[in-house]
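Colleague: One structure follows; several queries about it will come next.
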Amino acid sequence: MNNISTDVDNAVTVRNVCKNYDNVEALRDLSLEFPRGQLTSILGPSGCGKTTLLKIIAGLLKPTSGEILVNNKPVTGPGPDRAFVFQDFALLPWATVLRNVAFGLELRGVAKSEREAIAEKYIKDVGLTDFEHSYPHELSGGMRQRVGLARALSVDAQVLLMDEPFSAVDEQTRRKFQEDLLDLVKNENKTFLFVTHSIEEAVYVSDQIAILLPRPSRVSEIIRPSGFREKEALNIRRDPEYLDIVDRIWASLRTYVE
Amino acid sequence: MKVFGYRLPGMSSLLLWALLWEIVGQMELTFFLPPLSAIFVTLMEIGTTKVFIKALQETGHAFFVGTFFAIVIGVPVGIMMGKNRLIDEILLPWVNMFLSAPLTALVPVLMVLFGFGLKSIIITTTLFAIWIIVLNSRAGVLQINRSLVEMALSFGASPKDAFFKIYFWAALPEILGGVRIGFIRAVKGVIIGQLLISVVGFGALFELYSSNFLMKHFWAVLIVLFTISFIIAECLAWLERRVSYYAAQR
């Protein structure tokens, strides 16, 4: 915290990114900044290019034009500074929880004993102790996403890219995940990019909300909730500012939802 | 299946057919169908002879070498076709053509190219087995969940890692299915090779027994062949069932 800079320190910067699929314009001249150590939600109706943007930042897709900077270095492909959490979990069905969590490290060539020790720690952190030797099909949806999260955490990337990570789990598990995510942002000194289509979820977990609108995709608004971020997790949902922001976002999105 | 409330063990129908065979055989309707019991007696007699053991070894050797190449070449080619659109476009017409081609008609050409020995028999066996293995491996790769591949890439997988740690395993249920059918086709291939190219192994036995109208011997060898390929196919089906738990959710 001793580097003094006048600008906000951005972990990820998106500059004038365009993405075309054949004749379809998925993203047009999109610029966005993601402050370090914070959680930024990318929120918008379906088809607004949220996931496309996240995959471009991950280096899984190439932008048609424009550039992405992670820690001020241009992105040319996937890198160890970013880790991805998938909507459908993307677990290896033939591997145990332990191997799945350690898989990112395995691909980076970390020795078996070392990577399993790291994986054990994160399996414990996400609350899956005693499930190390279970297979994904033996777990519930919520537990599977905990495995996906532990895998992303265990590679210790500074930037976590989460693509609608809670949309395939049930409502109660989802609320628990959202509370856990707040702790994670507080305790892990990482930058979170969080794609969601749930307005309540975005407002609940975010330091900054970027609202994307479709046809053509662009950032229409950036909202930074200020008042309730320091409150207890349980009190956020009845905070007047929380409710106001939820209403405001819905007012601007409703015309785009058919 | 249940009959009168009793649960019948698998393959009970074989017993029924064996009984029918025995009855028809005892009636001496045709020399083509001797009683099943007589066939088994003959099997016991010839099963221990040097000629039979040697034939079994020759056929087994050609069969396993042939299927080995079919798997070692067929699985990677199929996976590459599933992964890469260009390779797929180039190879798919050929694979489909050879899958349905009457390969037996090609055997004389193979004899000209590779001689009258073991090499041609092995190549015939491989040619019978490989195409379905290629197609099944390809089909296995084509249905891989896209996000598994993206996951591996996002964590920095090299192409080699992606091949061995994602594509191969994700396509394994289909690959095993292809190998199972490929093995069954290879049984046909090896016998045809041993009948047409050089008359050795089980092919020679079939040739010898049928041309001398030794039907008991003929059926005995056929039953051995059937039993061996049945056991191999069942072993592979068992392996397939072991990985099928994840076939539904890749």
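In the structure tokens, chains take letters A, B, ... by order of appearance, with residues numbered from 1 within each chain and ligands from 1 in the order shown.
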Chain A near chain B within 6 Å: what's each residue's closest atom pair and its distance in Å to one decimal, counting only C-alpha atoms, ordered by chain then ascending residue number, as JSON lines?
Modeller:
```
{"residue": "A:Pro78", "atom": "CA", "partner": "B:Ser154", "partner_atom": "CA", "distance": 5.1}
{"residue": "A:Ala90", "atom": "CA", "partner": "B:Leu148", "partner_atom": "CA", "distance": 5.0}
{"residue": "A:Pro93", "atom": "CA", "partner": "B:Tyr246", "partner_atom": "CA", "distance": 5.7}
{"residue": "A:Gly104", "atom": "CA", "partner": "B:Phe155", "partner_atom": "CA", "distance": 5.3}
{"residue": "A:Leu107", "atom": "CA", "partner": "B:Ala157", "partner_atom": "CA", "distance": 5.6}
```
Colleague: Write out, as a short mmCIF file (atom, residue, chain, number, x, y, z; two decimals), in the first residue's frame, the residues just selected, with N, CA and C atoms.
Modeller:
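Written out: again-v6.cif:
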```
data_model
loop_
_atom_site.label_atom_id
_atom_site.label_comp_id
_atom_site.auth_asym_id
_atom_site.auth_seq_id
_atom_site.Cartn_x
_atom_site.Cartn_y
_atom_site.Cartn_z
N PRO A 78 -3.88 -16.95 -22.92
CA PRO A 78 -4.04 -17.24 -21.49
C PRO A 78 -2.71 -17.10 -20.76
N ALA A 90 -16.76 -27.05 -15.58
CA ALA A 90 -15.65 -27.59 -16.38
C ALA A 90 -14.69 -28.44 -15.55
N PRO A 93 -14.49 -35.16 -15.42
CA PRO A 93 -15.37 -36.13 -14.76
C PRO A 93 -14.65 -37.41 -14.37
N GLY A 104 -4.84 -27.21 -12.51
CA GLY A 104 -4.18 -26.00 -13.01
C GLY A 104 -2.68 -26.04 -12.72
N LEU A 107 -0.91 -28.62 -14.94
CA LEU A 107 -0.61 -28.10 -16.28
C LEU A 107 0.58 -27.14 -16.23
#
```
Colleague: Which neighbours of Asn187 (chain A) fall inside 10 Å, counting only C-alpha atoms, when residues of the same chain fewer than 5 positions from it are skipped, and could you give them as a ChimeraX atom specification?
Modeller: /A:37,181-182
Colleague: Write out as a PyMOL selection string the residues lying within 10 Å of region 156-166 of chain A, counting only C-alpha atoms and excluding same-chain residues fewer than 5 positions away.
Modeller: chain A and resi 11-12+34+36-39+41-43+50-52+54-55+57-58+70-71+79-89+104-105+141-142+145-146+148-149+151+171+173-175+177-178+188-198+201
Colleague: Figure out the distance between CA of Asn136 (chain B) and CA of Ile175 (chain B), please, to one decimal in Å.
Modeller: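 Pair CA of Ile175 (chain B) / CA of Asn136 (chain B) returns 5.7 Å.
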Colleague: When distances are computed from only C-alpha atoms, which of A:Ile223, A:Ile118, A:Leu27, A:Val257 shows the smallest separation from Ile245 (chain A)?
Modeller: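 Answer, going by the shortest atom-to-atom distance: A:Ile223.
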Colleague: So which one's closest to Arg138 (chain B), B:Arg85, B:Arg180, B:Lys2, B:Arg242? Using only C-alpha atoms, please.
Modeller: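 For Arg138 (chain B), the nearest of the given residues is B:Arg85.
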Colleague: Taking only region 150-205 of chain A into account, list the residues labelled strand (DSSP E) by DSSP (computed from the backbone), as a list in words.
Modeller: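 Taking region 150-205 of chain A and keeping strand (DSSP E) gives Val159, Leu160, Leu161, Met162, Asp163, Thr191, Phe192, Leu193, Phe194, Val195 and Thr196 of chain A.
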Colleague: Using DSSP assignments from the backbone, pull out every residue in region 20-247 of chain A that falls under helix (DSSP H, G or I) and give it to me as JSON, numbers by chain.
Modeller: {"A": [50, 51, 52, 53, 54, 55, 56, 57, 58, 97, 98, 99, 100, 101, 102, 103, 104, 105, 106, 107, 112, 113, 114, 115, 116, 117, 118, 119, 120, 121, 122, 123, 124, 125, 136, 137, 138, 141, 142, 143, 144, 145, 146, 147, 148, 149, 150, 151, 152, 153, 154, 171, 172, 173, 174, 175, 176, 177, 178, 179, 180, 181, 182, 183, 184, 185, 186, 187, 199, 200, 201, 202, 203, 204, 205, 233, 234, 235, 236, 237, 238, 240, 241, 242, 243, 244, 245, 246, 247]}
Colleague: I'd like the contact shell of Ile53 (chain B) - 12 Å cut-off, only C-alpha atoms, skipping same-chain residues fewer than 6 positions apart - returned as a ChimeraX atom specification.
Modeller: /B:46-47,59-60,201-202,205,221,224
Colleague: Find, counting only C-alpha atoms, the residue in B:Pro76, B:Gly66, B:Pro34, B:Gly115 that gets nearest to Phe213 (chain B).
Modeller: B:Pro34
Colleague: Just the residues within 12 Å of Leu239 (chain B), please, counting only C-alpha atoms, with nothing from its chain fewer than 6 positions along; format it as a ChimeraX atom specification.
Modeller: /B:172-177,179-180,232-233,245
Colleague: For the selection you just gave me, I'd like the residues written to a file as a PDB file, in the first residue's frame, keeping N, CA and C atoms.
Modeller:
```pdb
ATOM      1  N   LEU B 172     -12.854 -41.225 -24.343  1.00  0.00           N
ATOM      2  CA  LEU B 172     -12.582 -42.634 -24.044  1.00  0.00           C
ATOM      3  C   LEU B 172     -13.792 -43.568 -24.163  1.00  0.00           C
ATOM      4  N   PRO B 173     -14.978 -43.174 -23.682  1.00  0.00           N
ATOM      5  CA  PRO B 173     -16.108 -44.098 -23.840  1.00  0.00           C
ATOM      6  C   PRO B 173     -16.363 -44.466 -25.299  1.00  0.00           C
ATOM      7  N   GLU B 174     -16.324 -43.470 -26.200  1.00  0.00           N
ATOM      8  CA  GLU B 174     -16.537 -43.752 -27.620  1.00  0.00           C
ATOM      9  C   GLU B 174     -15.356 -44.526 -28.200  1.00  0.00           C
ATOM     10  N   ILE B 175     -14.127 -44.167 -27.781  1.00  0.00           N
ATOM     11  CA  ILE B 175     -12.952 -44.872 -28.290  1.00  0.00           C
ATOM     12  C   ILE B 175     -13.053 -46.361 -27.971  1.00  0.00           C
ATOM     13  N   LEU B 176     -13.424 -46.665 -26.731  1.00  0.00           N
ATOM     14  CA  LEU B 176     -13.530 -48.076 -26.342  1.00  0.00           C
ATOM     15  C   LEU B 176     -14.618 -48.787 -27.136  1.00  0.00           C
ATOM     16  N   GLY B 177     -15.713 -48.089 -27.395  1.00  0.00           N
ATOM     17  CA  GLY B 177     -16.765 -48.662 -28.227  1.00  0.00           C
ATOM     18  C   GLY B 177     -16.240 -48.992 -29.612  1.00  0.00           C
ATOM     19  N   VAL B 179     -13.079 -49.528 -30.443  1.00  0.00           N
ATOM     20  CA  VAL B 179     -12.096 -50.606 -30.352  1.00  0.00           C
ATOM     21  C   VAL B 179     -12.809 -51.955 -30.250  1.00  0.00           C
ATOM     22  N   ARG B 180     -13.912 -51.979 -29.513  1.00  0.00           N
ATOM     23  CA  ARG B 180     -14.663 -53.234 -29.366  1.00  0.00           C
ATOM     24  C   ARG B 180     -15.179 -53.709 -30.733  1.00  0.00           C
ATOM     25  N   ILE B 232     -13.191 -61.424 -25.729  1.00  0.00           N
ATOM     26  CA  ILE B 232     -12.522 -60.135 -25.947  1.00  0.00           C
ATOM     27  C   ILE B 232     -13.552 -58.998 -25.957  1.00  0.00           C
ATOM     28  N   ALA B 233     -14.642 -59.217 -26.710  1.00  0.00           N
ATOM     29  CA  ALA B 233     -15.670 -58.172 -26.809  1.00  0.00           C
ATOM     30  C   ALA B 233     -16.285 -57.883 -25.441  1.00  0.00           C
ATOM     31  N   TYR B 245     -19.818 -43.941 -16.671  1.00  0.00           N
ATOM     32  CA  TYR B 245     -20.408 -43.047 -15.671  1.00  0.00           C
ATOM     33  C   TYR B 245     -20.175 -41.582 -16.029  1.00  0.00           C
TER      34      TYR B 245
END
```
